[in-house]
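Colleague: run26.txt is reproduced below (compact mmCIF, C-alpha atoms).
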# COMPACT_ATOMS: atom_id res chain seq x y z
CA ASP A 105 0.00 0.00 0.00
CA GLY A 106 1.18 3.53 -0.72
CA ILE A 107 0.06 7.10 -1.29
CA LEU A 108 1.05 8.95 -4.42
CA LYS A 109 1.62 12.69 -4.30
CA ASP A 110 0.82 15.03 -7.16
CA GLY A 111 3.17 14.41 -10.08
CA GLN A 112 4.32 10.98 -8.92
CA ASN A 113 4.02 7.86 -11.10
CA PHE A 114 3.45 4.28 -10.02
CA ILE A 115 4.23 1.11 -11.93
CA ALA A 116 2.64 -2.11 -10.77
CA SER A 117 4.06 -5.42 -11.99
CA THR A 118 4.01 -9.09 -11.07
CA GLY A 119 6.27 -12.01 -11.62
CA ASP A 120 5.43 -14.76 -14.06
CA LEU A 121 1.84 -15.97 -13.68
CA LEU A 122 0.61 -19.49 -14.07
CA LEU A 123 -2.31 -20.27 -16.29
CA GLY A 124 -5.52 -19.20 -14.53
CA GLN A 125 -3.84 -16.92 -12.02
CA VAL A 126 -5.17 -13.35 -11.73
CA ARG A 127 -3.60 -10.36 -10.04
CA ALA A 128 -5.36 -7.02 -9.45
CA VAL A 129 -4.17 -3.53 -8.62
CA THR A 130 -6.66 -1.10 -7.03
CA PHE A 131 -6.22 2.68 -7.21
CA LYS A 132 -8.27 4.92 -4.91
CA ASN A 133 -8.58 8.61 -5.67
CA ARG A 134 -9.16 11.18 -2.97
CA CYS A 135 -10.87 14.44 -3.84
CA SER A 136 -8.72 17.49 -3.16
CA SER A 137 -10.10 19.83 -0.51
CA GLN A 138 -9.91 22.60 -3.10
CA ASN A 139 -12.39 20.64 -5.22
CA LEU A 140 -15.05 20.64 -2.46
CA ASN A 141 -16.57 24.02 -1.78
CA GLU A 142 -19.60 25.76 -0.31
CA LEU A 143 -22.73 27.51 -1.47
CA GLN A 144 -23.39 30.34 0.99
CA ILE A 145 -26.82 32.00 0.90
CA THR A 146 -27.29 35.11 3.04
CA LYS A 147 -30.66 36.64 3.90
CA GLN A 148 -30.78 40.36 4.66
CA MET A 149 -33.23 43.26 4.84
CA LYS A 150 -32.63 46.40 2.85
CA GLY A 151 -30.99 49.28 4.69
CA ASP A 152 -31.77 49.33 8.40
CA LEU A 153 -35.15 47.60 8.10
CA GLN A 154 -35.99 45.13 10.85
CA THR A 155 -38.24 42.06 10.84
CA ASP A 156 -39.05 39.06 12.99
CA ASP A 157 -40.20 37.10 9.94
CA THR A 158 -38.30 34.08 8.66
CA PHE A 159 -37.78 33.14 5.03
CA THR A 160 -37.56 30.11 2.75
CA PHE A 161 -34.97 29.33 0.08
CA GLN A 162 -35.29 26.72 -2.63
CA VAL A 163 -32.00 25.28 -3.86
CA TRP A 164 -31.14 23.19 -6.91
CA LEU A 165 -27.80 21.55 -7.70
CA GLU A 166 -26.65 19.90 -10.91
CA ASN A 167 -27.09 16.12 -10.91
CA SER A 168 -25.15 13.40 -12.75
CA ASP A 169 -27.35 13.93 -15.82
CA GLY A 170 -26.26 17.54 -16.09
CA GLU A 171 -29.65 18.87 -14.98
CA LEU A 172 -30.74 20.95 -12.00
CA ALA A 173 -32.39 18.87 -9.26
CA PRO A 174 -33.71 19.86 -5.80
CA TYR A 175 -31.05 19.72 -3.12
CA THR A 176 -32.18 17.47 -0.26
CA GLY A 177 -29.06 17.24 1.87
CA GLU A 178 -27.88 18.86 5.09
CA TYR A 179 -27.17 22.52 5.63
CA TYR A 180 -25.69 24.78 8.29
CA LEU A 181 -27.15 28.03 9.61
CA LYS A 182 -24.55 30.60 10.59
CA LYS A 183 -24.22 34.16 11.80
CA GLY A 184 -20.64 35.28 11.93
CA ASN A 185 -18.60 32.37 13.27
CA LYS A 186 -21.47 30.86 15.24
CA ASN A 187 -23.74 27.95 14.28
CA TYR A 188 -27.45 27.78 15.03
CA HIS A 189 -30.29 25.27 14.98
CA TYR A 190 -33.91 25.04 16.14
CA VAL A 191 -35.09 23.51 19.40
CA ASP A 192 -38.88 23.46 19.87
CA ASN A 193 -39.19 26.14 17.15
CA GLU A 194 -36.71 28.39 18.94
CA LEU A 195 -33.45 29.36 17.27
CA VAL A 196 -30.54 28.61 19.59
CA GLU A 197 -26.79 28.64 19.25
CA TRP A 198 -24.98 25.32 19.23
CA GLY A 199 -22.68 24.72 22.16
CA GLU A 200 -18.99 25.27 21.58
CA PRO A 201 -18.05 22.86 18.77
CA GLU A 202 -14.65 21.33 18.33
CA GLU A 203 -12.24 23.69 16.63
CA GLY A 204 -13.00 23.85 12.92
CA VAL A 205 -16.13 21.70 13.23
CA SER A 206 -19.58 23.07 12.39
CA GLN A 207 -22.90 21.69 13.61
CA VAL A 208 -25.67 20.80 11.16
CA CYS A 209 -28.89 22.79 11.42
CA GLY A 210 -31.10 20.47 9.37
CA SER A 211 -31.87 19.08 5.91
CA ALA A 212 -33.70 20.56 2.94
CA ASP A 213 -37.04 18.96 2.15
CA ALA A 214 -37.83 16.84 -0.92
CA GLY A 215 -38.46 19.95 -2.98
CA GLY A 216 -35.14 21.54 -2.07
CA LYS A 217 -36.69 24.01 0.39
CA ILE A 218 -34.77 25.33 3.39
CA SER A 219 -37.19 27.11 5.73
CA LYS A 220 -37.18 29.35 8.81
CA VAL A 221 -34.15 31.39 7.82
CA PRO A 222 -33.99 34.66 9.80
CA ALA A 223 -32.71 37.91 8.33
CA GLY A 224 -29.01 38.38 9.02
CA TYR A 225 -28.18 34.65 8.84
CA THR A 226 -26.42 32.55 6.21
CA VAL A 227 -27.37 29.09 4.96
CA VAL A 228 -24.25 27.08 4.12
CA ILE A 229 -24.24 23.94 1.94
CA THR A 230 -20.87 22.18 1.95
CA GLN A 231 -18.97 19.49 0.06
CA ILE A 232 -20.02 20.63 -3.43
CA LEU A 233 -17.73 19.60 -6.28
CA SER A 234 -16.29 22.41 -8.37
CA GLY A 235 -18.04 22.67 -11.71
CA THR A 236 -21.43 21.92 -10.15
CA SER A 237 -24.14 24.31 -11.32
CA PHE A 238 -26.58 25.77 -8.82
CA LYS A 239 -29.74 27.83 -8.57
CA VAL A 240 -31.24 29.64 -5.57
CA GLU A 241 -34.68 31.23 -5.27
CA GLU A 242 -36.65 32.72 -2.40
CA VAL A 243 -40.13 31.18 -2.23
CA ASP A 244 -43.31 31.41 -0.14
CA LEU A 245 -42.68 35.11 0.47
CA GLY A 246 -45.37 37.09 2.32
CA THR A 247 -47.46 39.61 0.40
CA GLN A 248 -46.11 42.47 2.55
CA TYR A 249 -42.76 42.24 0.73
CA GLU A 250 -41.52 43.53 -2.59
CA GLU A 251 -39.92 41.08 -5.01
CA PRO A 252 -36.58 39.98 -3.50
CA GLU A 253 -33.27 41.13 -4.93
CA LYS A 254 -30.77 38.34 -5.63
CA GLU A 255 -27.09 39.17 -5.98
CA LEU A 256 -24.19 36.80 -6.63
CA THR A 257 -20.87 38.12 -5.38
CA PRO A 258 -18.58 38.65 -8.40
CA GLY A 259 -15.58 36.34 -8.46
CA THR A 260 -17.20 33.65 -6.30
CA TYR A 261 -18.96 31.74 -9.07
CA GLY A 262 -18.52 30.70 -12.67
CA THR A 263 -20.74 30.83 -15.74
CA SER A 264 -22.94 27.76 -16.16
CA ASN A 265 -24.17 26.15 -19.37
CA VAL A 266 -27.04 24.45 -17.54
CA THR A 267 -30.42 25.95 -18.40
CA GLY A 268 -31.83 28.08 -15.58
CA ALA A 269 -28.74 27.94 -13.36
CA ASP A 270 -27.42 31.00 -11.52
CA GLY A 271 -23.82 29.88 -11.91
CA GLU A 272 -21.41 27.09 -11.06
CA ILE A 273 -19.03 26.35 -8.20
CA LEU A 274 -15.43 27.34 -8.86
CA LEU A 275 -12.34 25.42 -7.83
CA GLY A 276 -11.16 26.60 -4.41
CA THR A 277 -13.91 29.22 -4.04
CA ASN A 278 -17.16 29.37 -2.05
CA ALA A 279 -20.11 30.72 -4.05
CA GLN A 280 -21.86 33.60 -2.28
CA VAL A 281 -25.48 34.55 -2.89
CA THR A 282 -27.28 37.37 -1.06
CA ILE A 283 -31.06 37.74 -1.14
CA THR A 284 -32.39 41.08 0.06
CA ASN A 285 -35.96 41.95 1.01
CA GLN A 286 -37.83 45.13 1.73
CA TYR A 287 -41.40 45.84 2.76
CA LYS A 288 -43.85 47.29 0.30
CA ASN A 289 -44.26 51.03 0.75
CA ILE A 290 -47.44 52.30 2.40
CA ASP A 291 -49.49 55.52 2.34
CA VAL A 292 -49.87 57.74 5.40
CA SER A 293 -52.88 60.04 5.73
CA PHE A 294 -54.64 62.17 8.34
CA THR A 295 -57.14 65.04 8.54
CA LYS A 296 -56.12 68.58 9.45
CA THR A 297 -58.76 70.49 11.43
CA ASP A 298 -59.11 73.91 13.07
CA GLU A 299 -59.68 74.58 16.75
CA ASN A 300 -63.38 73.74 16.32
CA GLY A 301 -62.75 70.41 14.64
CA ASN A 302 -63.62 71.64 11.14
CA PRO A 303 -61.52 70.53 8.14
CA LEU A 304 -58.85 73.09 7.33
CA LYS A 305 -57.76 73.53 3.74
CA GLY A 306 -54.46 74.93 2.52
CA VAL A 307 -52.08 73.88 5.29
CA LYS A 308 -48.74 72.85 3.78
CA PHE A 309 -46.72 69.96 5.23
CA ALA A 310 -43.39 68.27 4.58
CA LEU A 311 -41.42 65.33 5.96
CA TYR A 312 -37.89 65.56 7.37
CA GLU A 313 -35.25 62.96 8.16
CA ASP A 314 -34.68 64.18 11.71
CA GLU A 315 -35.81 66.87 14.13
CA THR A 316 -33.01 69.28 13.20
CA SER A 317 -33.11 68.96 9.40
CA GLU A 318 -33.66 72.24 7.60
CA SER A 319 -34.46 70.77 4.20
CA PRO A 320 -37.43 68.43 3.66
CA ILE A 321 -37.13 65.03 2.07
CA ASP A 322 -37.44 65.43 -1.69
CA GLY A 323 -40.95 64.97 -2.99
CA THR A 324 -42.70 65.00 0.40
CA GLU A 325 -44.25 68.50 0.27
CA THR A 326 -48.04 68.33 0.24
CA GLU A 327 -51.12 70.37 1.20
CA SER A 328 -54.43 69.66 2.95
CA ASP A 329 -57.40 69.56 0.55
CA GLN A 330 -60.93 70.97 0.98
CA ASN A 331 -61.72 68.09 3.35
CA GLY A 332 -58.58 68.69 5.40
CA LEU A 333 -57.06 65.46 4.06
CA VAL A 334 -53.28 65.20 4.03
CA LYS A 335 -51.67 62.22 2.31
CA PHE A 336 -48.11 60.99 1.83
CA LYS A 337 -47.76 58.18 -0.68
CA ASP A 338 -45.32 55.27 -0.89
CA LEU A 339 -43.36 55.75 2.33
CA GLN A 340 -40.76 53.15 3.25
CA GLN A 341 -40.46 51.69 6.71
CA GLY A 342 -38.73 54.12 9.05
CA ILE A 343 -39.15 57.24 11.20
CA TYR A 344 -40.07 60.61 9.71
CA TYR A 345 -40.58 64.05 11.20
CA LEU A 346 -43.65 66.02 10.07
CA ARG A 347 -43.85 69.81 10.09
CA GLU A 348 -46.30 72.43 8.93
CA THR A 349 -44.40 74.66 6.51
CA SER A 350 -47.20 77.13 5.72
CA THR A 351 -50.65 77.92 7.12
CA PRO A 352 -53.63 80.01 5.94
CA GLU A 353 -53.80 83.59 7.15
CA GLY A 354 -54.73 83.83 10.81
CA TYR A 355 -53.26 80.44 11.79
CA ILE A 356 -50.00 79.55 13.51
CA ALA A 357 -48.04 76.46 12.45
CA ALA A 358 -48.39 73.47 14.80
CA GLY A 359 -46.19 70.45 15.34
CA PRO A 360 -43.77 68.91 14.83
CA TRP A 361 -44.89 65.27 14.85
CA GLN A 362 -43.11 61.97 14.52
CA ILE A 363 -44.39 59.37 12.07
CA GLU A 364 -43.21 55.81 12.52
CA VAL A 365 -43.92 53.75 9.42
CA GLY A 366 -43.99 49.98 9.87
CA ASN A 367 -44.76 47.20 7.42
CA PRO A 368 -48.08 46.96 5.56
CA ALA A 369 -49.50 44.77 8.32
CA SER A 370 -48.57 47.02 11.25
CA GLY A 371 -49.28 50.32 9.50
CA TYR A 372 -48.03 53.56 11.04
CA THR A 373 -48.31 55.76 14.14
CA ILE A 374 -48.24 59.55 14.49
CA THR A 375 -47.15 61.07 17.80
CA GLY A 376 -46.64 64.65 18.89
CA PRO A 377 -48.76 67.68 19.79
CA GLY A 378 -52.49 66.99 19.99
Turn the structure described in the file into structure tokens.
Modeller:
Amino acid sequence: DGILKDGQNFIASTGDLLLGQVRAVTFKNRCSSQNLNELQITKQMKGDLQTDDTFTFQVWLENSDGELAPYTGEYYLKKGNKNYHYVDNELVEWGEPEEGVSQVCGSADAGGKISKVPAGYTVVITQILSGTSFKVEEVDLGTQYEEPEKELTPGTYGTSNVTGADGEILLGTNAQVTITNQYKNIDVSFTKTDENGNPLKGVKFALYEDETSESPIDGTETESDQNGLVKFKDLQQGIYYLRETSTPEGYIAAGPWQIEVGNPASGYTITGPG
């Protein structure tokens, strides 16, 4: 028995054989560590948006027939250098693993789906041969979200000839895919009234990024209509500051107010002077 290093040759020979005798030589090849790489799929929210929702990826890898097939093997769930898994539907960190050893989170289902992925975490699929094509999609996304943005990190993947694939695993390189979500924008509206509770027309408003900003956010200037209605359209999740910038003759500007815009399900709140 022996182990050949790269570039070495081996000649096997026998002495004279008698009629009917058979000798066999068996060669076993080991796959280089550089030939086994990872597919890393990171989930994130756009900007500083926050969510307690979890998400589902669907993953396909190239099979022996050269076609994409659902991945049904194990995966890891990581955040930084730490590994996580679920216990009674609660995400918990694995105990301290041996140095260099990661702990499996679970397995994809028969359709290649990996579920319950929180924002800010990375799904890692290991032991993928270089040259293997892959595809990743986000599925079962809630209606409160815009279409996800998928980005493959340049230099971490190769071009695939397999129909529908995102790319292929490179030798010695881990493929990195980032899928980003954001909530759908929502409208904010309220009614401006006078001291007697009657609708007040012609009061001008604008939104500002913070309490000290002198310039309003572009495109947010608006005015109350004949019914006192004030409306801001397509606001992203976040905190805004509302001021009256102009009032009809005889009125003094009120405010400011803070508007906290949530997701389409939670809506928004306005706080400040009554």
Colleague: Determine, for each residue of region 130-186 of chain A having at least one atom at most 6 Å from an atom of region 233-248 of chain A, the closest pair of atoms and their separation in Å to one decimal, counting only C-alpha atoms; order by chain and ascending number, as JSON lines.
Modeller:
{"residue": "A:Asn139", "atom": "CA", "partner": "A:Ser234", "partner_atom": "CA", "distance": 5.3}
{"residue": "A:Leu140", "atom": "CA", "partner": "A:Leu233", "partner_atom": "CA", "distance": 4.8}
{"residue": "A:Thr160", "atom": "CA", "partner": "A:Val243", "partner_atom": "CA", "distance": 5.7}
{"residue": "A:Phe161", "atom": "CA", "partner": "A:Glu242", "partner_atom": "CA", "distance": 4.5}
{"residue": "A:Gln162", "atom": "CA", "partner": "A:Glu241", "partner_atom": "CA", "distance": 5.3}
{"residue": "A:Val163", "atom": "CA", "partner": "A:Val240", "partner_atom": "CA", "distance": 4.7}
{"residue": "A:Trp164", "atom": "CA", "partner": "A:Lys239", "partner_atom": "CA", "distance": 5.1}
{"residue": "A:Leu165", "atom": "CA", "partner": "A:Phe238", "partner_atom": "CA", "distance": 4.5}
{"residue": "A:Glu166", "atom": "CA", "partner": "A:Ser237", "partner_atom": "CA", "distance": 5.1}
Colleague: Any idea what the distance is between CA of Gly151 (chain A) and CA of Ser370 (chain A)?
Modeller: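 We find that CA of Gly151 (chain A) and CA of Ser370 (chain A) lie 18.9 Å from each other.
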Colleague: By how many Å are CA of Pro174 (chain A) and CA of Ile218 (chain A) apart?
Modeller: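 So the two atoms, CA of Pro174 (chain A) and CA of Ile218 (chain A), lie 10.7 Å apart.
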Colleague: Record the distance separating CA of Phe159 (chain A) and CA of Asn367 (chain A), expressed in Å with one decimal.
Modeller: 15.9 Å
Colleague: Excluding Trp198 (chain A) and its own-chain neighbours fewer than 3 positions away, which residues fall within 10 Å of it when counting all atoms listed in the file? Please give them as a PyMOL selection string.
Modeller: chain A and resi 186-190+195+201+206-209
Colleague: Find, counting only C-alpha atoms, the residue in A:Gly276, A:Gly177, A:Pro352, A:Gly224 that gets nearest to Gly259 (chain A).
Modeller: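 Closest residue, counting only C-alpha atoms: A:Gly276.
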Colleague: So that I can check the surroundings of region 293-310 of chain A, please list as a VMD selection string every protein, DNA and RNA residue that reaches within 9 Å of it, counting all atoms listed in the file and ignoring chain neighbours fewer than 2 positions away.
Modeller: chain A and resid 291 312 320 to 321 323 to 337 345 to 352 355 357
Colleague: Given the choices A:Asn193, A:Asn167, A:Gln362, A:Thr146, which gets closest to Val281 (chain A) if the distance is worked out from all atoms listed in the file?
Modeller: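 Counting all atoms listed in the file, the residue closest to Val281 (chain A) is A:Thr146.
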Colleague: Using only C-alpha atoms, can you tell me which of A:Tyr180, A:Tyr287, A:Tyr261, A:Tyr175 comes closest to Asp157 (chain A)?
Modeller: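 Distance minimum relative to Asp157 (chain A) lands on A:Tyr287.
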Colleague: Give me, as a PDB file with C-alpha atoms, in the frame of the given file, all polymer residues having an atom no more than 8 Å from Gln148 (chain A), counting only C-alpha atoms and skipping those fewer than 5 positions away in the same chain.
Modeller:
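around_34.pdb was written with the following content:
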ATOM      1  CA  ALA A 223     -32.710  37.910   8.330  1.00  0.00           C
ATOM      2  CA  GLY A 224     -29.010  38.380   9.020  1.00  0.00           C
ATOM      3  CA  TYR A 225     -28.180  34.650   8.840  1.00  0.00           C
ATOM      4  CA  THR A 282     -27.280  37.370  -1.060  1.00  0.00           C
ATOM      5  CA  ILE A 283     -31.060  37.740  -1.140  1.00  0.00           C
ATOM      6  CA  THR A 284     -32.390  41.080   0.060  1.00  0.00           C
ATOM      7  CA  ASN A 285     -35.960  41.950   1.010  1.00  0.00           C
TER       8      ASN A 285
END
Colleague: Contacts of Thr373 (chain A) at 10 Å or less, counting all atoms listed in the file, minus same-chain residues fewer than 2 places along, as an MDAnalysis selection string?
Modeller: chainID A and resid 292 343 362:366 370:371 375
Colleague: Closest to Ser211 (chain A) among A:Glu178, A:Glu171, A:Glu194, A:Asp120, using only C-alpha atoms?
Modeller: A:Glu178
